[in-house]
file upload.tsv (TSV, C-alpha atoms)
chain	number	residue	atom	x	y	z
A	1	MET	CA	0.00	0.00	0.00
A	2	THR	CA	1.41	3.41	-1.00
A	3	ARG	CA	1.10	6.21	1.57
A	4	SER	CA	-0.26	9.48	0.24
A	5	ARG	CA	1.32	11.52	3.04
A	6	PRO	CA	4.76	11.24	4.75
A	7	ALA	CA	4.78	9.75	8.23
A	8	LEU	CA	7.45	12.13	9.56
A	9	GLU	CA	8.49	15.75	9.15
A	10	LEU	CA	11.87	17.06	10.35
A	11	LYS	CA	12.25	20.68	11.43
A	12	GLY	CA	15.18	22.39	13.13
A	13	ARG	CA	14.37	24.34	16.26
A	14	MET	CA	16.39	25.78	19.14
A	15	LEU	CA	15.18	24.25	22.41
A	16	PRO	CA	16.05	25.52	25.91
A	17	ILE	CA	18.23	22.93	27.64
A	18	THR	CA	19.97	23.46	30.98
A	19	ARG	CA	23.23	21.70	31.83
A	20	VAL	CA	23.15	20.52	35.47
A	21	ARG	CA	26.58	19.88	36.98
A	22	VAL	CA	26.64	17.40	39.87
A	23	LEU	CA	29.06	18.68	42.54
A	24	GLU	CA	28.35	16.14	45.30
A	25	ALA	CA	27.58	12.43	44.83
A	26	ASP	CA	25.01	12.60	47.63
A	27	PRO	CA	21.39	11.80	46.61
A	28	ALA	CA	20.04	13.28	49.86
A	29	GLY	CA	21.89	16.55	49.25
A	30	VAL	CA	20.65	16.67	45.65
A	31	ARG	CA	17.06	16.10	46.76
A	32	ALA	CA	17.35	18.81	49.41
A	33	GLN	CA	18.62	21.38	46.92
A	34	LEU	CA	15.96	20.43	44.37
A	35	ALA	CA	13.26	20.80	47.02
A	36	GLU	CA	14.55	24.29	47.80
A	37	MET	CA	14.57	25.18	44.09
A	38	VAL	CA	10.96	24.03	43.78
A	39	ARG	CA	10.01	26.12	46.80
A	40	GLN	CA	11.78	29.21	45.49
A	41	MET	CA	10.89	29.03	41.78
A	42	PRO	CA	8.35	26.32	40.91
A	43	GLN	CA	7.53	27.82	37.50
A	44	ALA	CA	11.15	27.57	36.36
A	45	VAL	CA	11.78	24.04	37.65
A	46	LYS	CA	8.71	22.19	36.41
A	47	GLY	CA	9.30	20.85	32.90
A	48	MET	CA	12.94	22.02	32.78
A	49	ALA	CA	14.93	19.93	30.25
A	50	VAL	CA	18.45	19.13	31.46
A	51	VAL	CA	21.70	17.41	30.52
A	52	ILE	CA	23.44	15.89	33.56
A	53	ASP	CA	27.15	16.68	33.76
A	54	SER	CA	29.38	15.07	36.39
A	55	ASP	CA	33.03	14.30	37.04
A	56	LEU	CA	31.94	12.09	39.95
A	57	ASP	CA	30.92	8.44	39.91
A	58	ALA	CA	27.44	9.18	41.29
A	59	ASP	CA	24.36	6.94	41.44
A	60	LEU	CA	22.71	7.80	38.11
A	61	ALA	CA	19.45	6.02	38.93
A	62	ALA	CA	19.09	8.02	42.16
A	63	LEU	CA	19.86	11.28	40.32
A	64	LEU	CA	17.29	10.57	37.61
A	65	ALA	CA	14.67	9.72	40.23
A	66	ALA	CA	15.38	12.93	42.16
A	67	PHE	CA	15.08	15.11	39.06
A	68	ARG	CA	11.92	13.41	37.82
A	69	GLU	CA	10.23	13.67	41.23
A	70	VAL	CA	10.22	17.48	40.93
A	71	GLY	CA	9.25	17.57	37.24
A	72	ILE	CA	12.72	18.06	35.73
A	73	GLN	CA	13.23	16.11	32.49
A	74	PRO	CA	16.72	14.57	32.07
A	75	LEU	CA	17.44	14.27	28.34
A	76	ALA	CA	21.04	13.06	28.34
A	77	VAL	CA	24.30	12.66	30.27
A	78	SER	CA	27.64	14.26	29.41
A	79	GLU	CA	30.64	12.08	28.63
A	80	GLY	CA	32.32	11.07	31.88
A	81	PRO	CA	31.86	8.70	34.82
A	82	LEU	CA	28.08	8.45	34.28
A	83	ALA	CA	28.27	7.64	30.57
A	84	ASP	CA	28.38	3.83	30.82
A	85	ALA	CA	25.44	3.74	33.23
A	86	ALA	CA	23.49	6.04	30.89
A	87	ARG	CA	24.16	3.85	27.86
A	88	GLY	CA	23.08	0.82	29.87
A	89	ILE	CA	19.58	2.26	30.31
A	90	GLY	CA	19.33	3.81	26.85
A	91	LEU	CA	19.90	7.42	27.93
A	92	PRO	CA	21.83	9.45	25.31
A	93	VAL	CA	25.42	10.52	26.02
A	94	VAL	CA	26.59	13.89	24.68
A	95	SER	CA	29.90	15.67	24.40
A	96	LYS	CA	30.96	17.95	27.25
A	97	ASP	CA	32.13	20.56	24.75
A	98	ASN	CA	29.21	21.26	22.49
A	99	GLY	CA	26.26	19.19	23.61
A	100	LYS	CA	26.10	17.18	20.39
A	101	ALA	CA	25.63	13.44	20.65
A	102	ALA	CA	28.91	11.56	21.01
A	103	ALA	CA	29.63	9.41	17.98
A	104	ALA	CA	29.99	5.68	18.57
A	105	ALA	CA	32.04	5.20	15.37
A	106	PRO	CA	33.44	7.35	12.54
A	107	ALA	CA	30.72	8.40	10.13
A	108	ALA	CA	30.90	7.20	6.53
A	109	ARG	CA	31.73	9.84	3.95
A	110	PRO	CA	28.49	11.08	2.37
A	111	VAL	CA	28.07	11.05	-1.37
A	112	ALA	CA	26.83	14.64	-1.27
A	113	PRO	CA	26.84	17.17	1.59
A	114	PRO	CA	23.54	17.21	3.49
A	115	PRO	CA	21.49	20.41	3.48
A	116	GLU	CA	22.00	22.81	6.37
A	117	PRO	CA	19.21	22.59	8.97
A	118	VAL	CA	16.96	25.59	9.26
A	119	ILE	CA	16.91	26.88	12.83
A	120	VAL	CA	13.63	28.54	13.70
A	121	ALA	CA	13.61	30.54	16.93
A	122	ALA	CA	10.36	30.77	18.85
A	123	ALA	CA	8.50	33.98	18.04
A	124	ARG	CA	8.70	36.61	20.78
A	125	LYS	CA	5.47	38.50	21.47
A	126	PRO	CA	5.21	42.19	22.43
A	127	ALA	CA	6.11	42.92	26.04
A	128	LYS	CA	3.45	42.48	28.71
A	129	VAL	CA	2.96	45.75	30.63
A	130	VAL	CA	1.53	45.84	34.16
A	131	ALA	CA	0.69	49.28	35.59
A	132	ASP	CA	-0.69	48.28	39.00
A	133	PRO	CA	1.37	47.26	42.03
A	134	ILE	CA	1.86	43.49	42.29
A	135	ARG	CA	0.85	42.60	45.81
A	136	SER	CA	1.83	39.78	48.14
A	137	GLY	CA	0.47	36.43	46.94
A	138	GLN	CA	0.05	37.59	43.33
A	139	GLN	CA	1.92	36.02	40.42
A	140	VAL	CA	2.30	37.59	36.96
A	141	TYR	CA	3.69	35.54	34.06
A	142	ALA	CA	4.72	36.96	30.68
A	143	GLU	CA	4.73	33.99	28.28
A	144	ASP	CA	7.07	34.23	25.26
A	145	CYS	CA	7.76	37.91	25.93
A	146	ASP	CA	9.35	40.48	28.23
A	147	LEU	CA	7.54	41.79	31.31
A	148	ILE	CA	7.42	45.49	32.18
A	149	VAL	CA	6.14	46.45	35.64
A	150	LEU	CA	5.49	50.17	36.07
A	151	ASN	CA	4.98	49.89	39.82
A	152	THR	CA	6.28	47.88	42.80
A	153	VAL	CA	6.58	44.13	43.34
A	154	SER	CA	5.73	43.55	46.99
A	155	PRO	CA	7.26	40.93	49.31
A	156	GLY	CA	5.56	37.58	48.66
A	157	ALA	CA	4.71	38.53	45.04
A	158	GLU	CA	6.27	36.84	42.03
A	159	VAL	CA	6.95	38.11	38.50
A	160	ILE	CA	7.95	35.60	35.82
A	161	ALA	CA	8.88	36.04	32.16
A	162	ASP	CA	10.24	33.95	29.32
A	163	GLY	CA	12.20	37.08	28.34
A	164	CYS	CA	13.55	40.02	30.36
A	165	ILE	CA	11.90	41.71	33.35
A	166	HIS	CA	11.87	45.50	33.79
A	167	ILE	CA	10.58	46.86	37.10
A	168	TYR	CA	10.23	50.64	37.35
A	169	GLY	CA	9.47	50.52	41.07
A	170	LYS	CA	10.83	48.54	44.02
A	171	LEU	CA	11.47	44.82	43.61
A	172	ALA	CA	10.81	43.33	47.04
A	173	GLY	CA	9.40	39.97	45.90
A	174	ARG	CA	10.68	37.40	43.42
A	175	ALA	CA	11.70	37.91	39.79
A	176	LEU	CA	12.34	34.95	37.46
A	177	ALA	CA	13.46	35.79	33.91
A	178	GLY	CA	14.26	33.49	31.00
A	179	VAL	CA	12.29	30.66	32.61
A	180	LYS	CA	12.30	28.60	29.40
A	181	GLY	CA	16.08	28.65	29.33
A	182	ASP	CA	16.93	32.02	27.72
A	183	GLU	CA	20.34	32.76	29.26
A	184	SER	CA	20.43	36.21	27.60
A	185	ALA	CA	17.45	37.38	29.68
A	186	ARG	CA	18.02	40.13	32.25
A	187	VAL	CA	16.27	41.63	35.25
A	188	PHE	CA	16.24	45.41	35.67
A	189	CYS	CA	14.75	47.22	38.66
A	190	ARG	CA	14.63	50.79	39.97
A	191	LYS	CA	15.10	49.72	43.61
A	192	LEU	CA	16.44	46.30	44.64
A	193	ASP	CA	15.34	44.49	47.80
A	194	ALA	CA	14.41	41.12	46.32
A	195	GLU	CA	13.57	37.81	47.97
A	196	LEU	CA	14.87	35.93	44.92
A	197	ILE	CA	16.21	36.64	41.43
A	198	ALA	CA	16.58	33.87	38.85
A	199	ILE	CA	17.65	33.76	35.20
A	200	ALA	CA	17.29	30.53	33.19
A	201	GLY	CA	17.07	28.53	36.42
A	202	ILE	CA	20.20	30.04	38.04
A	203	TYR	CA	19.16	31.96	41.13
A	204	ALA	CA	20.20	33.98	44.16
A	205	VAL	CA	18.16	34.28	47.36
A	206	ALA	CA	17.76	37.28	49.68
A	207	GLU	CA	20.84	36.53	51.77
A	208	GLN	CA	23.03	36.57	48.65
A	209	ILE	CA	21.27	39.54	47.07
A	210	LYS	CA	21.77	41.71	50.18
A	211	ALA	CA	25.53	41.59	49.55
A	212	GLY	CA	24.90	43.67	46.41
A	213	PRO	CA	23.29	47.04	45.59
A	214	VAL	CA	20.32	46.92	48.00
A	215	ASN	CA	17.78	49.76	47.64
A	216	GLU	CA	19.56	50.95	44.49
A	217	PRO	CA	18.83	50.59	40.76
A	218	ALA	CA	20.22	47.21	39.72
A	219	LEU	CA	20.74	44.79	36.85
A	220	ALA	CA	20.93	40.98	37.04
A	221	TRP	CA	22.34	38.86	34.21
A	222	LEU	CA	24.25	35.67	33.50
A	223	ASP	CA	27.98	35.81	32.81
A	224	GLY	CA	29.49	32.45	31.90
A	225	GLY	CA	26.69	30.62	33.69
A	226	ARG	CA	27.05	32.67	36.88
A	227	LEU	CA	24.38	35.09	38.09
A	228	LYS	CA	25.67	38.62	38.56
A	229	ILE	CA	23.80	41.49	40.25
A	230	GLU	CA	25.25	44.98	40.08
A	231	ALA	CA	24.18	48.60	40.40
A	232	HIS	CA	22.78	49.88	37.11
A	233	LYS	CA	20.71	52.95	36.31
A	234	ILE	CA	17.49	52.38	34.36

call {"tool": "encode", "arguments": {"input": "upload.tsv", "output": "structure tokens"}}
result
Amino acid sequence: MTRSRPALELKGRMLPITRVRVLEADPAGVRAQLAEMVRQMPQAVKGMAVVIDSDLDADLAALLAAFREVGIQPLAVSEGPLADAARGIGLPVVSKDNGKAAAAAPAARPVAPPPEPVIVAAARKPAKVVADPIRSGQQVYAEDCDLIVLNTVSPGAEVIADGCIHIYGKLAGRALAGVKGDESARVFCRKLDAELIAIAGIYAVAEQIKAGPVNEPALAWLDGGRLKIEAHKI
């Protein structure tokens, strides 16, 4: 029987993937930190796609269980001590350098060069603008766009955006930018006194933030995978 329509269609698309580096081979410690992440930024954690990177011979099964319990989706493991265990359960193993799948054997020379994949970035919508104060217990989410708050974000309130966050009042609650993995996202605020700031899943809590420009205009961004918060006029 001849099919009138193809069964598959291949399209290139950039997907947000977070690389999680395991620093301690202690399942209890991993679970405790994940629980704290869920408490601090549930919107960013749930559904997060990750590649597990480790130089330690950790218990891969325990790590996978801990991530999946909180809604994190492990997609692959980096080359290293966990690679053999990953291959044993059918989990992909990728290169530490570029995230591409590690080749099991040299590829045969193609007869003709394959066409370049077309990378289609997700469309970004116009910024979501909120004029009213965001009060304790409220949560505002800007999906596929930046968020602009023209007023204050009170303690206990939460502002979330797939893009950048601009706050033209005091940030006293939580601000989570780039929650779908956009590491170029930034958080701007006119007056910083935040409970938490996160960008692409990398976060700082109040105790860490208070070491920076408290009650001043500030900017938060990622630099080489590290969250930086500095004074910055807006």

call {"tool": "residues_around", "arguments": {"input": "upload.tsv", "residues": "Ile52 of chain A", "least_positions_apart": "5", "cutoff": "8 Å", "atoms": "only C-alpha atoms", "output": "list in words"}}
result
Arg19, Val20, Arg21, Val22, Pro74, Ala76, Val77 and Ser78 of chain A

call {"tool": "write_last_selection", "arguments": {"input": "upload.tsv", "atoms": "C-alpha atoms", "output": "CSV table (one decimal), in the frame of the given file"}}
result
chain,number,residue,atom,x,y,z
A,19,ARG,CA,23.2,21.7,31.8
A,20,VAL,CA,23.2,20.5,35.5
A,21,ARG,CA,26.6,19.9,37.0
A,22,VAL,CA,26.6,17.4,39.9
A,74,PRO,CA,16.7,14.6,32.1
A,76,ALA,CA,21.0,13.1,28.3
A,77,VAL,CA,24.3,12.7,30.3
A,78,SER,CA,27.6,14.3,29.4

call {"tool": "residues_around", "arguments": {"input": "upload.tsv", "residues": "Leu150 of chain A", "least_positions_apart": "5", "cutoff": "8 Å", "atoms": "all atoms listed in the file", "output": "ChimeraX atom specification"}}
result
/A:129-133,167-169

call {"tool": "residues_around", "arguments": {"input": "upload.tsv", "residues": "Leu56 of chain A", "least_positions_apart": "6", "cutoff": "10 Å", "atoms": "all atoms listed in the file", "output": "ChimeraX atom specification"}}
result
/A:21-25,80-82

call {"tool": "closest_residue", "arguments": {"input": "upload.tsv", "among": "A:Ile148, A:Leu192, A:Ile197, A:Ala7", "to": "Lys233 of chain A", "atoms": "all atoms listed in the file"}}
result
A:Leu192

call {"tool": "atom_distance", "arguments": {"input": "upload.tsv", "atom1": "atom CA of Ile160 of chain A", "atom2": "atom CA of Thr18 of chain A"}}
result
17.8 Å

call {"tool": "closest_residue", "arguments": {"input": "upload.tsv", "among": "A:Gly212, A:Pro126, A:Gly29, A:Gly178", "to": "Asp162 of chain A", "atoms": "only C-alpha atoms"}}
result
A:Gly178

call {"tool": "closest_residue", "arguments": {"input": "upload.tsv", "among": "A:Asp55, A:Asp26, A:Glu216, A:Asp223", "to": "Arg186 of chain A", "atoms": "all atoms listed in the file"}}
result
A:Asp223

call {"tool": "residues_near_point", "arguments": {"input": "upload.tsv", "point": "(29.0, 34.4, 27.0)", "cutoff": "10 Å", "atoms": "all atoms listed in the file", "output": "ChimeraX atom specification"}}
result
/A:183-184,222-225

call {"tool": "residues_around", "arguments": {"input": "upload.tsv", "residues": "Gly71 of chain A", "least_positions_apart": "5", "cutoff": "8 Å", "atoms": "all atoms listed in the file", "output": "JSON, numbers by chain"}}
result
{"A": [45, 46, 47, 48]}

call {"tool": "atom_distance", "arguments": {"input": "upload.tsv", "atom1": "atom CA of Val159 of chain A", "atom2": "atom CA of Leu75 of chain A"}}
result
28.0 Å

call {"tool": "residues_around", "arguments": {"input": "upload.tsv", "residues": "Glu207 of chain A", "least_positions_apart": "3", "cutoff": "12 Å", "atoms": "all atoms listed in the file", "output": "PyMOL selection string"}}
result
chain A and resi 193-197+203-204+210-212+214

call {"tool": "closest_residue", "arguments": {"input": "upload.tsv", "among": "A:Val50, A:Ala83, A:Ile72, A:Met37", "to": "Ala198 of chain A", "atoms": "all atoms listed in the file"}}
result
A:Met37
